[in-house]
Amino acid sequence: MVNEGSQNDGGRCSGNEAEGERNIVSSVRANADRRTFLKGTGAVGLAASAGCLGGSSSGDAPSGAFKVGVLTSHTGTENPIGNSIARSAELAAEELNANGGVLGNDVEVSVKTTNEQPQRGKTKYEELTVSENVDFTTGVFTSEVLLNLMDSIASQQKVHMTAGAATPEASTMLKDDYEKYKYWFRTGPVNAHFLGANMVDFAEANFSDMGWDSVYVLTEDYTWTEPVDEVLRNQLADAGVEVAGMKRYAGETSDFSTIYDQVEASGADAAFVAMAHSGSTAIVQYAKQQRPFAFGGIHVPMQLPSYWGLVNGACAFGVTQNTATPQSEITEKTVPYAEAYKGKVGKYPVYTGYIAYDAVMQYAAAAESADSRNPDDVVAELESSSFTGTAGTLRYYGKDEEYPHDIVYDESGENGVRPLWLQWKPNENGDGGSQTAIYPDSLASGSYDSPPWV
Amino acid sequence: MALPLTDVVANAVMMSALYALVAIGFTLIFGVGGVLNLAHGATVTIGAFSAYYVSEVFGYSIWIGALAALLVPALFSAALYRGVIRRVEDDPITVMILTLVTAIAIEEIIKTAFGTQPAVISSLWTGQVAIAGGIQANNLLVFGLSWVIIGLLFFAINYTKTGKAILATSMSTKGASLVGIESDRMYLYTWVLAGAFAGLAGLFLGSIQTASWSMGRSPLVLSFSIVVLGGIGSIRGSVIGAYIIGFLETFTMSYVDSSLSGLASLVVLVLILLAKPEGLFGREFTE
């Protein structure tokens, strides 16, 4: 659902490593005994990462084929989050072409990968908008990549509809300078502030029935969880939930034993979590250690429909928020899209796929409705439109609201999107497990079950 | 909210045994061959992924996976020594660069082939054992196996002919040669042993936590502290050093902040280097 920071850098930076090597070499030359090597090489373990920045340019008005530029993290079926973005945009284009294209033009899709690197993201964005002169762009899973693109989006003056990155900083930039940044929209997910708000709404509606009277909040220390933390800190207690403790843990944590000891010692009924990068390590250790508390919240890896097999069922009885599931009829478009995707790719999509598909479809509908490929006309149309997508009713906040051009979050789901909640349950025949929607009630296909060891 | 002391101690005792397993291999290569093997952490990773592929991907028993975690890293270690290190072992700077490059290359290969999400390795023994308020059976088994392996190594080094020859080589290559010991073969044995130990540690670590491309880094950094604290080349020192560092780590994480993982051991590393550079047990293996 959200991702800030590269999964690939792992705290390593080639520049710093080179520096570390030079230190080692010079110290060895100064005093070539074994202990000095140890002293010098200790520095290697302390190497840290650094960020990057870049520039921007401008392009011409689009003509000819209607081109969609897609920026995704990675492609290939082993990268479901990135692959869902790319393949869903292609699927949308195929469906649009089967229905006559957009404004009488064929739809073409060009996919570029960012590798979750901000500088590469910017270069690829410029290739799409300048060299290929696309009509609009979508995708971008990593918030750091998105934030590094905001000025390019402003200078290119082409609509970008984000599918993946959740940082509220992007819409805050519109709040500060609407005219400059107005070409940016976020089709999904709801921004990180609303991700937290939805956790509180879920808690208020369900915790007493679930037996989660007291929870221990665990969030990984990445940028995206900061707004989530803030909302939980300020609002969870008001929702009638006892907060037994709150902890932001290091994103690269590999041993959760001591953290779980603390949750256990607090007497909490459940760990209420916000995890993306560290989620798999956390849930596997939770399951292996059979901790006497339940586990749920925003757990990005658990959103993958194929997750049970990837972690040998460690996600059993885990609960997570999600944009959509292949079986949930959020709108009449949800299930047909998921099935069409499976027909094309062989697997069900993850949440980023629903959003990217919706972004392409909504942009095409707005261009048709405005009868124009001029970005300013489409911006005006998008601002005023309400579009039924696979993830719900797609509307955007206006320029005078708190988060301009962010997708509207609506707890009722009628005038905006609302995430759904699911639980992983073992299949009755004992062979594998599946995602069961448990909230909201209108989409629920089952109710919450406590882990049997709790 | 204070954590129960028994839980913290049980965790520390178990993790320290694992640290000892990694540090012994590191100190063996350093003490006997004089080589600072920065690829030792990557060997841990190779062990974990060997077990993962055999048991989880190819579907064999985790115990067959354990055999792979023993053999593949041992072979890798032997190949690294014979193919690369032996040619340059008299040039410590080149050795360090080559082992560092090897470590990075292995991490990149695993990252590319497997991806960045952690891999799950089955527990060797599932369930709980009713000791000290309930300990995971898998952790208890890992602790027991680690100590059996460490005990066997002690025995082998001190009471077998080959072990004594390794010891002799570590003390003086020339002296050992004079009494007919082939130092080159002893170095190879040392690398194989260190590789097998690191591989098993990788399996244990993977089965308790998870396996990932970068999982070898933290054990490597901890090994520096443990080996310096215990005295370079001393197996006994490595075991005691592992327990001191293991307890310090676990208590810091439990009672101060879990984010401080790794910091306590680096502080110890710096203090020992400044105050008592020969470590607690000096050098059993001397040149």
# chains A, B, ... in the order shown; residues from 1 in each chain; ligands from 1
call {"tool": "select_by_dssp", "arguments": {"residues": "region 361-415 of chain A", "states": "alpha helix (DSSP H)", "output": "list in words"}}
result
Met361, Gln362, Tyr363, Ala364, Ala365, Ala366, Ala367, Glu368, Ser369, Ala370, Pro375, Asp376, Asp377, Val378, Val379, Ala380, Glu381, Leu382, Glu383 and Ser384 of chain A
call {"tool": "write_last_selection", "arguments": {"atoms": "C-alpha atoms", "output": "mmCIF file, in the first residue's frame"}}
result
data_model
loop_
_atom_site.group_PDB
_atom_site.id
_atom_site.type_symbol
_atom_site.label_atom_id
_atom_site.label_comp_id
_atom_site.auth_asym_id
_atom_site.auth_seq_id
_atom_site.Cartn_x
_atom_site.Cartn_y
_atom_site.Cartn_z
ATOM 1 C CA MET A 361 -9.557 4.714 -17.275
ATOM 2 C CA GLN A 362 -10.388 7.880 -15.392
ATOM 3 C CA TYR A 363 -7.975 10.015 -17.407
ATOM 4 C CA ALA A 364 -9.376 8.626 -20.663
ATOM 5 C CA ALA A 365 -12.925 9.319 -19.487
ATOM 6 C CA ALA A 366 -11.990 12.864 -18.460
ATOM 7 C CA ALA A 367 -10.325 13.549 -21.829
ATOM 8 C CA GLU A 368 -13.399 12.218 -23.637
ATOM 9 C CA SER A 369 -15.686 14.235 -21.443
ATOM 10 C CA ALA A 370 -13.665 17.432 -21.958
ATOM 11 C CA PRO A 375 -3.901 19.026 -19.921
ATOM 12 C CA ASP A 376 -5.542 22.140 -18.456
ATOM 13 C CA ASP A 377 -8.928 21.040 -19.802
ATOM 14 C CA VAL A 378 -8.447 17.538 -18.400
ATOM 15 C CA VAL A 379 -7.355 18.908 -14.998
ATOM 16 C CA ALA A 380 -10.570 20.915 -14.786
ATOM 17 C CA GLU A 381 -12.580 17.853 -15.756
ATOM 18 C CA LEU A 382 -10.824 15.608 -13.222
ATOM 19 C CA GLU A 383 -11.384 18.152 -10.458
ATOM 20 C CA SER A 384 -15.103 18.186 -11.032
#
call {"tool": "interface_residues", "arguments": {"of": "chain B", "to": "chain A", "cutoff": "7 Å", "atoms": "only C-alpha atoms", "output": "count of residues only"}}
result
15
call {"tool": "residues_around", "arguments": {"residues": "region 162-176 of chain B", "least_positions_apart": "2", "cutoff": "12 Å", "atoms": "only C-alpha atoms", "output": "MDAnalysis selection string"}}
result
chainID B and resid 27:35 152:160 178:191 193 232:235 283:287
call {"tool": "residues_around", "arguments": {"residues": "region 263-271 of chain B", "least_positions_apart": "6", "cutoff": "9 Å", "atoms": "only C-alpha atoms", "output": "list of chain:residue names"}}
result
A:Lys39, A:Gly42, B:Val221, B:Leu222, B:Phe224, B:Ser225, B:Ile226, B:Val228, B:Leu229, B:Ile245, B:Gly246, B:Leu248, B:Glu249, B:Thr252, B:Pro277
call {"tool": "write_last_selection", "arguments": {"atoms": "C-alpha atoms", "output": "PDB file, in the first residue's frame"}}
result
ATOM      1  CA  LYS A  39      39.939  -1.218  13.194  1.00  0.00           C
ATOM      2  CA  GLY A  42      34.932  -1.714  11.244  1.00  0.00           C
TER       3      GLY A  42
ATOM      4  CA  VAL B 221      30.255  -6.802  12.306  1.00  0.00           C
ATOM      5  CA  LEU B 222      29.477  -8.637  15.553  1.00  0.00           C
ATOM      6  CA  PHE B 224      34.771  -8.230  14.695  1.00  0.00           C
ATOM      7  CA  SER B 225      33.783  -7.206  18.208  1.00  0.00           C
ATOM      8  CA  ILE B 226      33.680 -10.768  19.515  1.00  0.00           C
ATOM      9  CA  VAL B 228      38.778  -8.595  19.268  1.00  0.00           C
ATOM     10  CA  LEU B 229      37.207  -8.937  22.708  1.00  0.00           C
ATOM     11  CA  ILE B 245      28.557  -9.432  23.346  1.00  0.00           C
ATOM     12  CA  GLY B 246      25.389 -11.541  23.079  1.00  0.00           C
ATOM     13  CA  LEU B 248      25.168  -6.972  26.074  1.00  0.00           C
ATOM     14  CA  GLU B 249      23.241  -6.847  22.785  1.00  0.00           C
ATOM     15  CA  THR B 252      20.514  -3.266  25.414  1.00  0.00           C
ATOM     16  CA  PRO B 277      44.161  -4.526  22.312  1.00  0.00           C
TER      17      PRO B 277
END
call {"tool": "residues_around", "arguments": {"residues": "His299 (chain A)", "least_positions_apart": "5", "cutoff": "12 Å", "atoms": "only C-alpha atoms", "output": "number ranges by chain"}}
result
A: 1-3, 195, 199, 218-220, 225, 271-283, 304, 307, 315, 318-323, 421-424
call {"tool": "residues_around", "arguments": {"residues": "Phe66 (chain A)", "least_positions_apart": "6", "cutoff": "7 Å", "atoms": "only C-alpha atoms", "output": "ChimeraX atom specification"}}
result
/A:102,105-108,135
call {"tool": "write_last_selection", "arguments": {"atoms": "C-alpha atoms", "output": "PDB file, in the first residue's frame"}}
result
ATOM      1  CA  VAL A 102      -9.675   7.768 -26.789  1.00  0.00           C
ATOM      2  CA  ASN A 105      -7.031   7.650 -31.283  1.00  0.00           C
ATOM      3  CA  ASP A 106      -5.409   4.350 -30.410  1.00  0.00           C
ATOM      4  CA  VAL A 107      -4.044   4.128 -26.884  1.00  0.00           C
ATOM      5  CA  GLU A 108      -0.370   3.222 -26.475  1.00  0.00           C
ATOM      6  CA  ASP A 135      -0.417  12.515 -22.858  1.00  0.00           C
TER       7      ASP A 135
END
call {"tool": "residues_around", "arguments": {"residues": "region 168-180 of chain A", "least_positions_apart": "4", "cutoff": "9 Å", "atoms": "only C-alpha atoms", "output": "number ranges by chain"}}
result
A: 143, 146-147, 150-151, 154-155, 157, 184-186, 191-193, 224, 227, 399-406
call {"tool": "write_last_selection", "arguments": {"atoms": "C-alpha atoms", "output": "PDB file, in the first residue's frame"}}
result
ATOM      1  CA  SER A 143       7.304   8.285  -2.180  1.00  0.00           C
ATOM      2  CA  LEU A 146       7.407  10.927  -6.346  1.00  0.00           C
ATOM      3  CA  LEU A 147       8.690  13.870  -4.317  1.00  0.00           C
ATOM      4  CA  MET A 150       7.003  17.001  -8.392  1.00  0.00           C
ATOM      5  CA  ASP A 151       8.966  19.873  -9.962  1.00  0.00           C
ATOM      6  CA  ALA A 154       5.035  21.118 -12.683  1.00  0.00           C
ATOM      7  CA  SER A 155       7.372  22.170 -15.483  1.00  0.00           C
ATOM      8  CA  GLN A 157       2.516  20.628 -17.310  1.00  0.00           C
ATOM      9  CA  TRP A 184      -0.533  16.215  -9.984  1.00  0.00           C
ATOM     10  CA  PHE A 185      -3.293  13.891  -8.725  1.00  0.00           C
ATOM     11  CA  ARG A 186      -3.156  10.815  -6.496  1.00  0.00           C
ATOM     12  CA  ASN A 191      -2.681   9.331   1.623  1.00  0.00           C
ATOM     13  CA  ALA A 192      -0.828   8.221   4.743  1.00  0.00           C
ATOM     14  CA  HIS A 193      -2.873  10.534   6.976  1.00  0.00           C
ATOM     15  CA  TRP A 224       5.269   6.948   5.355  1.00  0.00           C
ATOM     16  CA  PRO A 227       1.416  10.597   9.556  1.00  0.00           C
ATOM     17  CA  LYS A 399      -7.672  23.250  -4.160  1.00  0.00           C
ATOM     18  CA  ASP A 400      -8.852  24.875  -0.941  1.00  0.00           C
ATOM     19  CA  GLU A 401      -9.015  21.661   1.046  1.00  0.00           C
ATOM     20  CA  GLU A 402      -6.349  20.174   3.297  1.00  0.00           C
ATOM     21  CA  TYR A 403      -4.967  17.742   0.707  1.00  0.00           C
ATOM     22  CA  PRO A 404      -5.678  19.129  -2.795  1.00  0.00           C
ATOM     23  CA  HIS A 405      -5.913  16.550  -5.614  1.00  0.00           C
ATOM     24  CA  ASP A 406      -5.592  13.653  -3.191  1.00  0.00           C
TER      25      ASP A 406
END
call {"tool": "select_by_dssp", "arguments": {"residues": "region 241-444 of chain A", "states": "strand (DSSP E)", "output": "count of residues only"}}
result
42
